[in-house]
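As provided, start-v1.pdb (PDB, C-alpha atoms) reads as follows.
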```
ATOM      1  CA  MET A 272     -28.081  29.844 -15.587
ATOM      2  CA  ASN A 273     -25.893  29.862 -18.692
ATOM      3  CA  LYS A 274     -25.916  32.981 -20.857
ATOM      4  CA  ARG A 275     -25.243  31.369 -24.200
ATOM      5  CA  HIS A 276     -25.926  32.694 -27.702
ATOM      6  CA  LEU A 277     -28.944  31.554 -29.685
ATOM      7  CA  SER A 278     -28.433  29.710 -32.964
ATOM      8  CA  LEU A 279     -30.603  29.080 -36.015
ATOM      9  CA  VAL A 280     -33.096  26.256 -36.366
ATOM     10  CA  LEU A 281     -31.789  23.344 -38.437
ATOM     11  CA  PRO A 282     -34.174  20.709 -39.854
ATOM     12  CA  LEU A 283     -32.724  17.327 -38.948
ATOM     13  CA  LEU A 284     -34.313  14.011 -37.990
ATOM     14  CA  LEU A 285     -34.211  12.406 -34.571
ATOM     15  CA  ALA A 286     -32.835   8.895 -34.462
ATOM     16  CA  VAL A 287     -34.100   7.083 -31.366
ATOM     17  CA  THR A 288     -31.729   4.270 -30.494
ATOM     18  CA  ALA A 289     -30.930   1.995 -27.588
ATOM     19  CA  CYS A 290     -28.593   3.706 -25.158
ATOM     20  CA  ASP A 291     -26.388   0.661 -24.672
ATOM     21  CA  ASP A 292     -25.843   0.243 -28.421
ATOM     22  CA  ASP A 293     -22.448   1.581 -29.433
ATOM     23  CA  SER A 294     -23.799   2.420 -32.881
ATOM     24  CA  SER A 295     -26.434   4.813 -31.514
ATOM     25  CA  THR A 296     -26.247   8.471 -32.484
ATOM     26  CA  ASN A 297     -27.900  11.578 -31.124
ATOM     27  CA  THR A 298     -29.370  13.783 -33.816
ATOM     28  CA  LYS A 299     -31.737  16.715 -33.895
ATOM     29  CA  PRO A 300     -35.526  16.462 -34.335
ATOM     30  CA  ALA A 301     -37.205  17.974 -37.371
ATOM     31  CA  THR A 302     -37.351  21.811 -37.573
ATOM     32  CA  SER A 303     -35.395  22.083 -34.345
ATOM     33  CA  ASN A 304     -31.873  22.888 -33.314
ATOM     34  CA  ALA A 305     -32.507  21.486 -29.829
ATOM     35  CA  GLN A 306     -30.415  18.340 -29.476
ATOM     36  CA  VAL A 307     -32.012  15.243 -27.920
ATOM     37  CA  TYR A 308     -29.565  12.755 -26.381
ATOM     38  CA  SER A 309     -30.365   9.148 -25.504
ATOM     39  CA  LYS A 310     -27.269   8.552 -23.378
ATOM     40  CA  LEU A 311     -24.621  10.290 -21.284
ATOM     41  CA  ASP A 312     -20.929   9.411 -21.422
ATOM     42  CA  CYS A 313     -20.472   8.946 -17.662
ATOM     43  CA  TYR A 314     -23.616   6.836 -17.173
ATOM     44  CA  GLN A 315     -22.982   3.364 -18.564
ATOM     45  CA  LYS A 316     -26.450   1.900 -18.562
ATOM     46  CA  SER A 317     -28.101  -1.281 -19.858
ATOM     47  CA  TYR A 318     -31.859  -1.630 -20.122
ATOM     48  CA  GLY A 319     -33.781  -3.375 -17.365
ATOM     49  CA  VAL A 320     -30.992  -3.518 -14.774
ATOM     50  CA  GLU A 321     -29.611  -1.125 -12.199
ATOM     51  CA  ILE A 322     -26.106   0.287 -12.509
ATOM     52  CA  SER A 323     -23.436  -1.357 -10.346
ATOM     53  CA  GLN A 324     -21.027   1.551  -9.911
ATOM     54  CA  SER A 325     -21.517   5.057  -8.552
ATOM     55  CA  VAL A 326     -21.475   7.967 -10.985
ATOM     56  CA  ASP A 327     -19.558  11.170 -10.295
ATOM     57  CA  VAL A 328     -21.844  13.694 -11.968
ATOM     58  CA  ALA A 329     -19.125  16.361 -11.916
ATOM     59  CA  ASN A 330     -17.152  14.258 -14.413
ATOM     60  CA  CYS A 331     -20.022  13.980 -16.914
ATOM     61  CA  ALA A 332     -19.547  15.787 -20.221
ATOM     62  CA  PHE A 333     -22.850  17.607 -20.691
ATOM     63  CA  GLU A 334     -23.737  19.253 -23.979
ATOM     64  CA  ASP A 335     -26.533  21.717 -24.683
ATOM     65  CA  GLY A 336     -29.890  20.020 -25.185
ATOM     66  CA  ILE A 337     -32.204  17.479 -23.598
ATOM     67  CA  TYR A 338     -30.926  14.175 -22.211
ATOM     68  CA  VAL A 339     -33.499  11.372 -21.987
ATOM     69  CA  LEU A 340     -31.953   8.658 -19.808
ATOM     70  CA  PRO A 341     -33.281   5.244 -18.718
ATOM     71  CA  MET A 342     -32.787   4.692 -14.975
ATOM     72  CA  ASN A 343     -33.267   1.790 -12.581
ATOM     73  CA  THR A 344     -35.062  -0.951 -14.555
ATOM     74  CA  ALA A 345     -36.611   1.130 -17.357
ATOM     75  CA  THR A 346     -36.962  -0.843 -20.584
ATOM     76  CA  GLN A 347     -35.850   0.092 -24.084
ATOM     77  CA  LYS A 348     -39.467   0.578 -25.179
ATOM     78  CA  GLN A 349     -40.224   2.909 -22.263
ATOM     79  CA  HIS A 350     -37.081   4.902 -22.983
ATOM     80  CA  GLU A 351     -37.750   5.194 -26.706
ATOM     81  CA  THR A 352     -41.388   6.189 -26.133
ATOM     82  CA  VAL A 353     -40.395   9.128 -23.946
ATOM     83  CA  THR A 354     -37.599  10.135 -26.326
ATOM     84  CA  LYS A 355     -40.069  10.341 -29.212
ATOM     85  CA  GLN A 356     -42.505  12.388 -27.119
ATOM     86  CA  ILE A 357     -39.727  14.863 -26.344
ATOM     87  CA  ALA A 358     -38.963  15.120 -30.075
ATOM     88  CA  ASP A 359     -42.665  15.685 -30.816
ATOM     89  CA  PHE A 360     -42.821  18.421 -28.161
ATOM     90  CA  LEU A 361     -39.956  20.283 -29.824
ATOM     91  CA  HIS A 362     -41.331  19.745 -33.316
ATOM     92  CA  MET A 363     -44.676  21.303 -32.402
ATOM     93  CA  ALA A 364     -43.109  24.265 -30.583
ATOM     94  CA  SER A 365     -42.037  27.598 -32.026
ATOM     95  CA  LYS A 366     -38.568  28.533 -33.218
ATOM     96  CA  GLU A 367     -38.100  30.691 -30.112
ATOM     97  CA  VAL A 368     -38.951  27.824 -27.748
ATOM     98  CA  ASN A 369     -36.554  25.520 -29.583
ATOM     99  CA  GLN A 370     -33.792  28.100 -29.368
ATOM    100  CA  ARG A 371     -34.219  28.315 -25.608
ATOM    101  CA  PHE A 372     -33.920  24.538 -25.219
ATOM    102  CA  ALA A 373     -31.005  24.448 -27.663
ATOM    103  CA  ASN A 374     -28.906  26.637 -25.405
ATOM    104  CA  ARG A 375     -29.680  24.974 -22.083
ATOM    105  CA  THR A 376     -29.057  21.511 -20.636
ATOM    106  CA  VAL A 377     -31.765  19.462 -18.894
ATOM    107  CA  VAL A 378     -32.249  15.786 -18.062
ATOM    108  CA  ILE A 379     -35.422  13.693 -18.317
ATOM    109  CA  GLY A 380     -34.991  10.503 -16.297
ATOM    110  CA  VAL A 381     -37.197   7.473 -16.995
ATOM    111  CA  THR A 382     -37.270   5.629 -13.685
ATOM    112  CA  ASN A 383     -39.422   3.266 -11.599
ATOM    113  CA  GLY A 384     -40.910   5.567  -8.967
ATOM    114  CA  GLU A 385     -40.124   8.480  -6.694
ATOM    115  CA  PRO A 386     -36.436   8.122  -5.733
ATOM    116  CA  ASN A 387     -35.352   7.605  -2.136
ATOM    117  CA  GLY A 388     -31.658   6.878  -2.720
ATOM    118  CA  SER A 389     -31.999   3.098  -2.289
ATOM    119  CA  THR A 390     -30.203   2.284  -5.575
ATOM    120  CA  LEU A 391     -27.135   3.660  -7.329
ATOM    121  CA  ASP A 392     -29.397   4.928 -10.089
ATOM    122  CA  GLU A 393     -31.369   6.933  -7.518
ATOM    123  CA  GLU A 394     -28.142   8.263  -6.024
ATOM    124  CA  PHE A 395     -27.345   9.402  -9.546
ATOM    125  CA  ILE A 396     -30.719  11.167  -9.737
ATOM    126  CA  PHE A 397     -30.047  13.088  -6.538
ATOM    127  CA  GLY A 398     -26.513  13.754  -7.747
ATOM    128  CA  LEU A 399     -27.915  15.319 -10.917
ATOM    129  CA  SER A 400     -30.321  17.441  -8.889
ATOM    130  CA  ASP A 401     -27.539  18.643  -6.567
ATOM    131  CA  PHE A 402     -25.253  19.338  -9.531
ATOM    132  CA  ALA A 403     -27.974  21.401 -11.198
ATOM    133  CA  ASP A 404     -28.248  23.474  -8.006
ATOM    134  CA  SER A 405     -24.533  24.232  -7.872
ATOM    135  CA  SER A 406     -23.419  24.300 -11.504
ATOM    136  CA  SER A 407     -24.023  26.447 -14.577
ATOM    137  CA  THR A 408     -23.576  23.350 -16.777
ATOM    138  CA  LEU A 409     -26.862  21.593 -15.973
ATOM    139  CA  GLU A 410     -30.076  23.556 -15.487
ATOM    140  CA  GLY A 411     -32.448  20.933 -14.098
ATOM    141  CA  ILE A 412     -33.883  17.421 -14.054
ATOM    142  CA  GLU A 413     -37.376  15.948 -14.313
ATOM    143  CA  LEU A 414     -38.573  12.359 -13.908
ATOM    144  CA  ILE A 415     -41.018  10.142 -15.796
ATOM    145  CA  TYR A 416     -42.168   7.169 -13.696
ATOM    146  CA  THR A 417     -42.699   3.657 -15.041
ATOM    147  CA  ASP A 418     -44.459   2.512 -11.864
ATOM    148  CA  ILE A 419     -45.983   5.252  -9.755
ATOM    149  CA  GLY A 420     -48.956   3.925  -7.820
ATOM    150  CA  GLY A 421     -49.177   1.081 -10.326
ATOM    151  CA  LYS A 422     -49.244   3.488 -13.289
ATOM    152  CA  ASP A 423     -46.722   3.594 -16.133
ATOM    153  CA  GLU A 424     -46.401   7.231 -17.207
ATOM    154  CA  THR A 425     -44.634   6.248 -20.431
ATOM    155  CA  LEU A 426     -48.028   4.936 -21.624
ATOM    156  CA  THR A 427     -49.511   8.421 -21.176
ATOM    157  CA  THR A 428     -48.631  11.959 -22.282
ATOM    158  CA  THR A 429     -47.023  12.882 -18.942
ATOM    159  CA  ALA A 430     -43.665  13.548 -20.636
ATOM    160  CA  TYR A 431     -45.165  16.587 -22.375
ATOM    161  CA  GLN A 432     -46.370  17.957 -19.039
ATOM    162  CA  LYS A 433     -42.995  17.396 -17.396
ATOM    163  CA  LEU A 434     -41.122  19.109 -20.227
ATOM    164  CA  MET A 435     -43.482  22.074 -19.914
ATOM    165  CA  GLN A 436     -42.542  22.234 -16.239
ATOM    166  CA  LEU A 437     -38.837  22.185 -17.079
ATOM    167  CA  PHE A 438     -39.406  24.988 -19.557
ATOM    168  CA  ASP A 439     -40.956  27.207 -16.898
ATOM    169  CA  TYR A 440     -38.521  26.333 -14.125
ATOM    170  CA  TYR A 441     -35.237  26.541 -16.040
ATOM    171  CA  ILE A 442     -35.588  27.471 -19.709
ATOM    172  CA  ASP A 443     -37.960  30.363 -20.333
ATOM    173  CA  GLY A 444     -35.677  33.056 -18.887
ATOM    174  CA  ASP A 445     -38.288  34.450 -16.477
ATOM    175  CA  ASP A 446     -38.262  38.260 -16.592
ATOM    176  CA  ASN A 447     -35.123  38.252 -18.760
ATOM    177  CA  HIS A 448     -36.864  36.876 -21.869
ATOM    178  CA  GLN A 449     -40.195  37.575 -23.518
ATOM    179  CA  LEU A 450     -41.210  33.890 -23.334
ATOM    180  CA  GLY A 451     -40.732  33.941 -19.572
ATOM    181  CA  MET A 452     -42.455  37.259 -19.073
ATOM    182  CA  LYS A 453     -45.430  36.228 -21.200
ATOM    183  CA  LEU A 454     -45.770  32.913 -19.362
ATOM    184  CA  LYS A 455     -45.769  34.686 -16.007
ATOM    185  CA  ASN A 456     -48.310  37.233 -17.242
ATOM    186  CA  ALA A 457     -50.562  34.484 -18.606
ATOM    187  CA  TYR A 458     -50.477  32.656 -15.273
ATOM    188  CA  ASP A 459     -51.181  35.874 -13.362
ATOM    189  CA  ASP A 460     -54.113  36.613 -15.690
ATOM    190  CA  HIS A 461     -55.433  33.066 -15.185
ATOM    191  CA  ILE A 462     -55.290  33.487 -11.401
ATOM    192  CA  ALA A 463     -56.894  36.942 -11.570
ATOM    193  CA  LEU A 464     -59.806  35.489 -13.560
ATOM    194  CA  ILE A 465     -60.215  32.718 -10.965
ATOM    195  CA  ASN A 466     -60.196  35.237  -8.137
ATOM    196  CA  TYR A 467     -62.552  37.793  -9.658
ATOM    197  CA  ASP A 468     -64.417  36.460 -12.697
ATOM    198  CA  SER A 469     -64.724  32.670 -12.563
ATOM    199  CA  SER A 470     -66.512  29.936 -10.668
ATOM    200  CA  LEU A 471     -63.281  27.901 -10.507
ATOM    201  CA  TYR A 472     -60.973  27.398  -7.544
ATOM    202  CA  TYR A 473     -57.233  26.715  -7.606
ATOM    203  CA  ASN A 474     -55.038  25.219  -4.878
ATOM    204  CA  GLU A 475     -51.398  26.342  -5.050
ATOM    205  CA  CYS A 476     -50.271  24.301  -2.031
ATOM    206  CA  ASN A 477     -49.069  21.120  -3.778
ATOM    207  CA  TYR A 478     -46.693  22.962  -6.139
ATOM    208  CA  GLY A 479     -46.080  25.972  -3.903
ATOM    209  CA  ASN A 480     -42.501  24.965  -3.018
ATOM    210  CA  GLY A 481     -42.555  27.322  -0.028
ATOM    211  CA  HIS A 482     -43.414  30.332  -2.210
ATOM    212  CA  VAL A 483     -47.207  30.627  -2.075
ATOM    213  CA  THR A 484     -47.926  34.283  -1.453
ATOM    214  CA  THR A 485     -50.589  36.225   0.437
ATOM    215  CA  PRO A 486     -53.339  37.039  -0.348
ATOM    216  CA  ARG A 487     -54.081  33.462  -1.350
ATOM    217  CA  VAL A 488     -55.621  32.387  -4.637
ATOM    218  CA  LYS A 489     -59.287  31.445  -4.240
ATOM    219  CA  GLY A 490     -59.142  27.774  -3.286
ATOM    220  CA  THR A 491     -55.716  27.842  -1.602
ATOM    221  CA  ASP A 492     -55.554  27.200   2.134
ATOM    222  CA  THR A 493     -54.179  29.871   4.448
ATOM    223  CA  ASP A 494     -51.836  27.201   5.831
ATOM    224  CA  CYS A 495     -50.609  24.594   3.318
ATOM    225  CA  ASP A 496     -48.768  22.491   5.916
ATOM    226  CA  GLU A 497     -50.539  19.142   6.243
ATOM    227  CA  ASP A 498     -48.174  17.787   8.930
ATOM    228  CA  SER A 499     -46.714  20.398  11.265
ATOM    229  CA  SER A 500     -45.252  17.657  13.484
ATOM    230  CA  ASP A 501     -42.464  16.804  11.021
ATOM    231  CA  GLY A 502     -40.542  19.985  11.773
ATOM    232  CA  ILE A 503     -40.679  21.175   8.151
ATOM    233  CA  ASP A 504     -42.541  24.429   7.625
ATOM    234  CA  GLU A 505     -44.600  23.969   4.476
ATOM    235  CA  SER A 506     -47.180  26.591   5.367
ATOM    236  CA  ASN A 507     -46.458  28.313   2.042
ATOM    237  CA  GLY A 508     -46.495  25.194  -0.124
ATOM    238  CA  LYS A 509     -45.097  21.682  -0.316
ATOM    239  CA  PHE A 510     -41.361  21.535  -1.044
ATOM    240  CA  ASP A 511     -40.106  19.687  -4.125
ATOM    241  CA  GLU A 512     -37.065  17.449  -3.553
ATOM    242  CA  ILE A 513     -36.011  17.505  -7.207
ATOM    243  CA  HIS A 514     -36.603  21.179  -8.018
ATOM    244  CA  ASP A 515     -34.630  22.996  -5.347
ATOM    245  CA  ILE A 516     -35.280  26.465  -6.711
ATOM    246  CA  ALA A 517     -36.599  29.561  -4.996
ATOM    247  CA  ALA A 518     -39.851  29.727  -6.920
ATOM    248  CA  ASN A 519     -43.526  28.862  -6.917
ATOM    249  CA  LEU A 520     -43.797  25.840  -9.240
ATOM    250  CA  ASN A 521     -47.492  26.288 -10.054
ATOM    251  CA  PRO A 522     -47.111  28.112 -13.392
ATOM    252  CA  GLY A 523     -45.150  25.270 -14.997
ATOM    253  CA  ALA A 524     -47.300  22.583 -13.388
ATOM    254  CA  SER A 525     -50.600  24.166 -14.430
ATOM    255  CA  PHE A 526     -49.439  24.960 -17.963
ATOM    256  CA  GLY A 527     -48.253  21.354 -18.275
ATOM    257  CA  VAL A 528     -51.675  19.953 -17.378
ATOM    258  CA  VAL A 529     -53.484  22.291 -19.776
ATOM    259  CA  TYR A 530     -50.899  21.444 -22.466
ATOM    260  CA  GLU A 531     -51.780  17.742 -22.156
ATOM    261  CA  TYR A 532     -55.490  18.487 -22.425
ATOM    262  CA  MET A 533     -55.017  20.689 -25.470
ATOM    263  CA  LEU A 534     -52.765  18.072 -27.053
ATOM    264  CA  THR A 535     -55.050  15.067 -26.672
ATOM    265  CA  GLY A 536     -58.507  16.454 -25.878
ATOM    266  CA  LYS A 537     -58.690  14.021 -22.985
ATOM    267  CA  HIS A 538     -59.322  15.036 -19.390
ATOM    268  CA  LYS A 539     -56.597  14.267 -16.876
ATOM    269  CA  THR A 540     -57.398  14.410 -13.181
ATOM    270  CA  SER A 541     -55.785  17.375 -11.464
ATOM    271  CA  ALA A 542     -55.918  18.132  -7.761
ATOM    272  CA  GLU A 543     -55.254  21.841  -8.308
ATOM    273  CA  TRP A 544     -58.444  23.070  -9.997
ATOM    274  CA  SER A 545     -61.942  22.485  -8.709
ATOM    275  CA  SER A 546     -65.391  23.603  -9.825
ATOM    276  CA  THR A 547     -66.599  24.011  -6.230
ATOM    277  CA  PRO A 548     -64.631  24.005  -2.965
ATOM    278  CA  SER A 549     -65.132  20.230  -2.806
ATOM    279  CA  SER A 550     -65.560  19.131  -6.453
ATOM    280  CA  LYS A 551     -62.832  18.525  -9.048
ATOM    281  CA  LEU A 552     -63.185  19.672 -12.640
ATOM    282  CA  GLU A 553     -65.654  17.603 -14.610
ATOM    283  CA  THR A 554     -64.046  14.841 -16.676
ATOM    284  CA  THR A 555     -65.232  16.174 -20.019
ATOM    285  CA  ASP A 556     -63.219  15.334 -23.149
ATOM    286  CA  GLY A 557     -62.957  17.129 -26.472
ATOM    287  CA  LEU A 558     -63.493  20.710 -25.311
ATOM    288  CA  THR A 559     -61.576  23.740 -26.538
ATOM    289  CA  ALA A 560     -59.721  25.146 -23.546
ATOM    290  CA  GLY A 561     -61.135  28.527 -22.525
ATOM    291  CA  SER A 562     -63.975  28.501 -25.065
ATOM    292  CA  GLY A 563     -66.836  28.408 -22.548
ATOM    293  CA  ALA A 564     -68.457  30.637 -19.967
ATOM    294  CA  ASN A 565     -66.910  31.734 -16.687
ATOM    295  CA  ASP A 566     -69.018  29.220 -14.773
ATOM    296  CA  ALA A 567     -68.142  26.162 -16.896
ATOM    297  CA  PRO A 568     -67.032  23.335 -14.544
ATOM    298  CA  ASN A 569     -64.317  22.054 -16.919
ATOM    299  CA  PHE A 570     -61.384  23.099 -19.103
ATOM    300  CA  SER A 571     -63.676  25.195 -21.319
ATOM    301  CA  ASN A 572     -63.999  27.723 -18.470
ATOM    302  CA  SER A 573     -63.009  31.167 -19.718
ATOM    303  CA  ALA A 574     -60.360  31.412 -16.976
ATOM    304  CA  PHE A 575     -58.194  29.135 -19.162
ATOM    305  CA  VAL A 576     -58.060  31.645 -22.040
ATOM    306  CA  PRO A 577     -54.671  33.183 -21.055
ATOM    307  CA  ILE A 578     -52.974  29.777 -20.737
ATOM    308  CA  ALA A 579     -54.518  28.422 -23.955
ATOM    309  CA  LYS A 580     -53.484  31.545 -25.872
ATOM    310  CA  TYR A 581     -49.878  31.302 -24.668
ATOM    311  CA  LEU A 582     -49.634  27.594 -25.498
ATOM    312  CA  ASN A 583     -51.186  28.015 -28.960
ATOM    313  CA  GLU A 584     -48.815  30.837 -29.828
ATOM    314  CA  ASN A 585     -45.651  29.137 -28.589
ATOM    315  CA  PHE A 586     -46.066  25.370 -28.227
ATOM    316  CA  PHE A 587     -48.659  24.256 -30.791
ATOM    317  CA  VAL A 588     -47.322  26.095 -33.823
ATOM    318  CA  ASN A 589     -46.902  22.802 -35.724
ATOM    319  CA  LYS A 590     -49.430  20.674 -33.846
ATOM    320  CA  SER A 591     -51.353  19.598 -36.965
ATOM    321  CA  LYS A 592     -48.253  17.870 -38.310
ATOM    322  CA  ILE A 593     -48.297  15.341 -35.466
ATOM    323  CA  TYR A 594     -51.725  15.409 -33.812
ATOM    324  CA  LYS A 595     -54.798  15.737 -36.018
TER     325      LYS A 595
END
```

Translate the structure of the given file into structure tokens.
Amino acid sequence: MNKRHLSLVLPLLLAVTACDDDSSTNTKPATSNAQVYSKLDCYQKSYGVEISQSVDVANCAFEDGIYVLPMNTATQKQHETVTKQIADFLHMASKEVNQRFANRTVVIGVTNGEPNGSTLDEEFIFGLSDFADSSSTLEGIELIYTDIGGKDETLTTTAYQKLMQLFDYYIDGDDNHQLGMKLKNAYDDHIALINYDSSLYYNECNYGNGHVTTPRVKGTDTDCDEDSSDGIDESNGKFDEIHDIAANLNPGASFGVVYEYMLTGKHKTSAEWSSTPSSKLETTDGLTAGSGANDAPNFSNSAFVPIAKYLNENFFVNKSKIYK
């Protein structure tokens, strides 16, 4: 990961423009020095159609900041919606969070569904992922789907969740920065409360990425592998094809889900938490995360206090300016 200096926050406005418009510019969102880009020099893309030539990712000129790129048949509206959500995310976050993003490079791809390499755009996606694994220029990539099981994620707040995941996986600095250390501690405290002082259960298998540890969190199977016949050992968590990092992905994933709930006050189904071994969290809207008792069957459960505290202190500093 790049070891670059931190710079001061500059209040500029984000101009969201069509990526195939030569007049488009990439400027910084308000109160943030984290640059948001709507296009990449090597990726000549028009809305609604797939690219016709392969892209050599090694020849792309990446700058520090967040690239929001339309892929496959994503429309201009879908692209612009996600770009604005990314700007909102940065605007609400603290100066320290913005500084971390300002000195790293990540890509948010707006694409049809989970890539399998069947189009040149999807080859580009895998090329970005591979380049992130082998280069200090690009930290990571995340995808927003326009048609995943018939659902268009650009019509939801999924982009905020995905950016929270990117922050944990590539941006927060882990044990080398206070934001990373505090995130890890908040997740550990959340899990400790589930194990010893809460009625909730949590399943780490789906985001385990081969790094679920023993002893297991209450609610996590001893063996996460759902199909041992495929020759892939996922006993310690399902592997992620996009995030090829040696880490448990649950902190970023769980913080992203709670972030969405705290942002909108609306329940979003999550397969990770459950109120009993066989019952998901209750679909209750409008609660304050962590404000309830330790047996509350929803996001008010006191086990969410550490996550809510971390998010309020670092990611919702300016929330009232966007979401009332």

Could you write out as a tab-separated table (two decimals) with C-alpha atoms, in the coordinates of the input the residues that the PyMOL selection byres ((chain A and resi 464-478) around 9) matches in the shown file?
```
chain	number	residue	atom	x	y	z
A	459	ASP	CA	-51.18	35.87	-13.36
A	460	ASP	CA	-54.11	36.61	-15.69
A	461	HIS	CA	-55.43	33.07	-15.18
A	462	ILE	CA	-55.29	33.49	-11.40
A	463	ALA	CA	-56.89	36.94	-11.57
A	479	GLY	CA	-46.08	25.97	-3.90
A	480	ASN	CA	-42.50	24.96	-3.02
A	481	GLY	CA	-42.56	27.32	-0.03
A	482	HIS	CA	-43.41	30.33	-2.21
A	483	VAL	CA	-47.21	30.63	-2.08
A	487	ARG	CA	-54.08	33.46	-1.35
A	488	VAL	CA	-55.62	32.39	-4.64
A	489	LYS	CA	-59.29	31.44	-4.24
A	490	GLY	CA	-59.14	27.77	-3.29
A	491	THR	CA	-55.72	27.84	-1.60
A	492	ASP	CA	-55.55	27.20	2.13
A	494	ASP	CA	-51.84	27.20	5.83
A	495	CYS	CA	-50.61	24.59	3.32
A	496	ASP	CA	-48.77	22.49	5.92
A	505	GLU	CA	-44.60	23.97	4.48
A	506	SER	CA	-47.18	26.59	5.37
A	507	ASN	CA	-46.46	28.31	2.04
A	508	GLY	CA	-46.50	25.19	-0.12
A	509	LYS	CA	-45.10	21.68	-0.32
A	510	PHE	CA	-41.36	21.54	-1.04
A	511	ASP	CA	-40.11	19.69	-4.12
A	519	ASN	CA	-43.53	28.86	-6.92
A	520	LEU	CA	-43.80	25.84	-9.24
A	521	ASN	CA	-47.49	26.29	-10.05
A	522	PRO	CA	-47.11	28.11	-13.39
A	524	ALA	CA	-47.30	22.58	-13.39
A	542	ALA	CA	-55.92	18.13	-7.76
A	543	GLU	CA	-55.25	21.84	-8.31
A	544	TRP	CA	-58.44	23.07	-10.00
A	545	SER	CA	-61.94	22.48	-8.71
A	546	SER	CA	-65.39	23.60	-9.82
A	547	THR	CA	-66.60	24.01	-6.23
A	548	PRO	CA	-64.63	24.00	-2.96
A	552	LEU	CA	-63.18	19.67	-12.64
A	564	ALA	CA	-68.46	30.64	-19.97
A	565	ASN	CA	-66.91	31.73	-16.69
A	566	ASP	CA	-69.02	29.22	-14.77
A	567	ALA	CA	-68.14	26.16	-16.90
A	568	PRO	CA	-67.03	23.34	-14.54
A	569	ASN	CA	-64.32	22.05	-16.92
A	572	ASN	CA	-64.00	27.72	-18.47
A	573	SER	CA	-63.01	31.17	-19.72
A	574	ALA	CA	-60.36	31.41	-16.98
A	575	PHE	CA	-58.19	29.14	-19.16
```

Practice item. Report as a ChimeraX atom specification the full result of the PyMOL selection byres ((chain A and resi 531-541) around 9) when it is applied to this structure. Key: /A:428-429,431-432,526-530,542-545,551-560,569-570,579,582-583,587,590,594

**Study point:** For Gly411 of chain A: contacts at 8 Å, all atoms listed in the file, fewer than 3 positions along chain excluded, given as a VMD selection string
**Key:** chain A and resid 376 to 378 399 to 400 403 to 404 437 441 514

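Once the PyMOL selection byres ((chain A and resi 331) around 9) is applied to the depicted file, the selected set reads Leu311, Asp312, Cys313, Tyr314, Val326, Asp327, Val328, Ala329, Asn330, Ala332 and Phe333 of chain A.
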
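Using all atoms listed in the file, the smallest distance between any of A:Ile396, A:Val576, A:Leu409, A:Met435 and Thr382 of chain A comes from A:Ile396.
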
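Nearest residue to Val381 of chain A among A:Tyr338, A:Phe402, A:Phe360, A:Tyr416 is A:Tyr416, counting only C-alpha atoms.
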
Within 12 Å of (-34.5, 27.1, -15.0) in the file's own coordinates, which protein, DNA or RNA residues have an atom, counting all atoms listed in the file? List them as a short mmCIF file (atom, residue, chain, number, x, y, z; two decimals) with C-alpha atoms, keeping the file's coordinate frame.
```
data_model
loop_
_atom_site.label_atom_id
_atom_site.label_comp_id
_atom_site.auth_asym_id
_atom_site.auth_seq_id
_atom_site.Cartn_x
_atom_site.Cartn_y
_atom_site.Cartn_z
CA MET A 272 -28.08 29.84 -15.59
CA ASN A 273 -25.89 29.86 -18.69
CA LYS A 274 -25.92 32.98 -20.86
CA ARG A 371 -34.22 28.32 -25.61
CA PHE A 372 -33.92 24.54 -25.22
CA ASN A 374 -28.91 26.64 -25.40
CA ARG A 375 -29.68 24.97 -22.08
CA THR A 376 -29.06 21.51 -20.64
CA VAL A 377 -31.76 19.46 -18.89
CA VAL A 378 -32.25 15.79 -18.06
CA ALA A 403 -27.97 21.40 -11.20
CA ASP A 404 -28.25 23.47 -8.01
CA SER A 406 -23.42 24.30 -11.50
CA SER A 407 -24.02 26.45 -14.58
CA THR A 408 -23.58 23.35 -16.78
CA LEU A 409 -26.86 21.59 -15.97
CA GLU A 410 -30.08 23.56 -15.49
CA GLY A 411 -32.45 20.93 -14.10
CA ILE A 412 -33.88 17.42 -14.05
CA GLU A 413 -37.38 15.95 -14.31
CA LEU A 434 -41.12 19.11 -20.23
CA MET A 435 -43.48 22.07 -19.91
CA GLN A 436 -42.54 22.23 -16.24
CA LEU A 437 -38.84 22.18 -17.08
CA PHE A 438 -39.41 24.99 -19.56
CA ASP A 439 -40.96 27.21 -16.90
CA TYR A 440 -38.52 26.33 -14.12
CA TYR A 441 -35.24 26.54 -16.04
CA ILE A 442 -35.59 27.47 -19.71
CA ASP A 443 -37.96 30.36 -20.33
CA GLY A 444 -35.68 33.06 -18.89
CA ASP A 445 -38.29 34.45 -16.48
CA ASP A 446 -38.26 38.26 -16.59
CA ASN A 447 -35.12 38.25 -18.76
CA GLY A 451 -40.73 33.94 -19.57
CA HIS A 514 -36.60 21.18 -8.02
CA ASP A 515 -34.63 23.00 -5.35
CA ILE A 516 -35.28 26.46 -6.71
CA ALA A 517 -36.60 29.56 -5.00
CA ALA A 518 -39.85 29.73 -6.92
CA LEU A 520 -43.80 25.84 -9.24
CA GLY A 523 -45.15 25.27 -15.00
#
```

Please return the centre and edge lengths, in Å to one decimal, of a box with edges along x, y and z that contains all listed atoms of segment 437-456 of chain A, widened by 4 Å on every side, as JSON.
```
{"center_x": -41.7, "center_y": 30.2, "center_z": -18.8, "size_x": 21.2, "size_y": 24.1, "size_z": 17.4}
```

Practice item. May I ask which of the residues A:Ile578, A:Val320, A:Ile513, A:Val588 is the closest one to Lys455 of chain A, counting only C-alpha atoms? Key: A:Ile578

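Proximity of A:Gly561, A:Pro341, A:Gly384, A:Gly398 to Gly421 of chain A, computed with only C-alpha atoms, is greatest for A:Gly384.
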
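The space between atom CA of Glu424 of chain A and atom CA of Lys366 of chain A spans 27.8 Å.
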
Check your understanding: If you measure from atom CA of Asn456 of chain A to atom CA of Ala364 of chain A, what distance in Å do you get, rounded to one decimal?
Key -> 19.3 Å
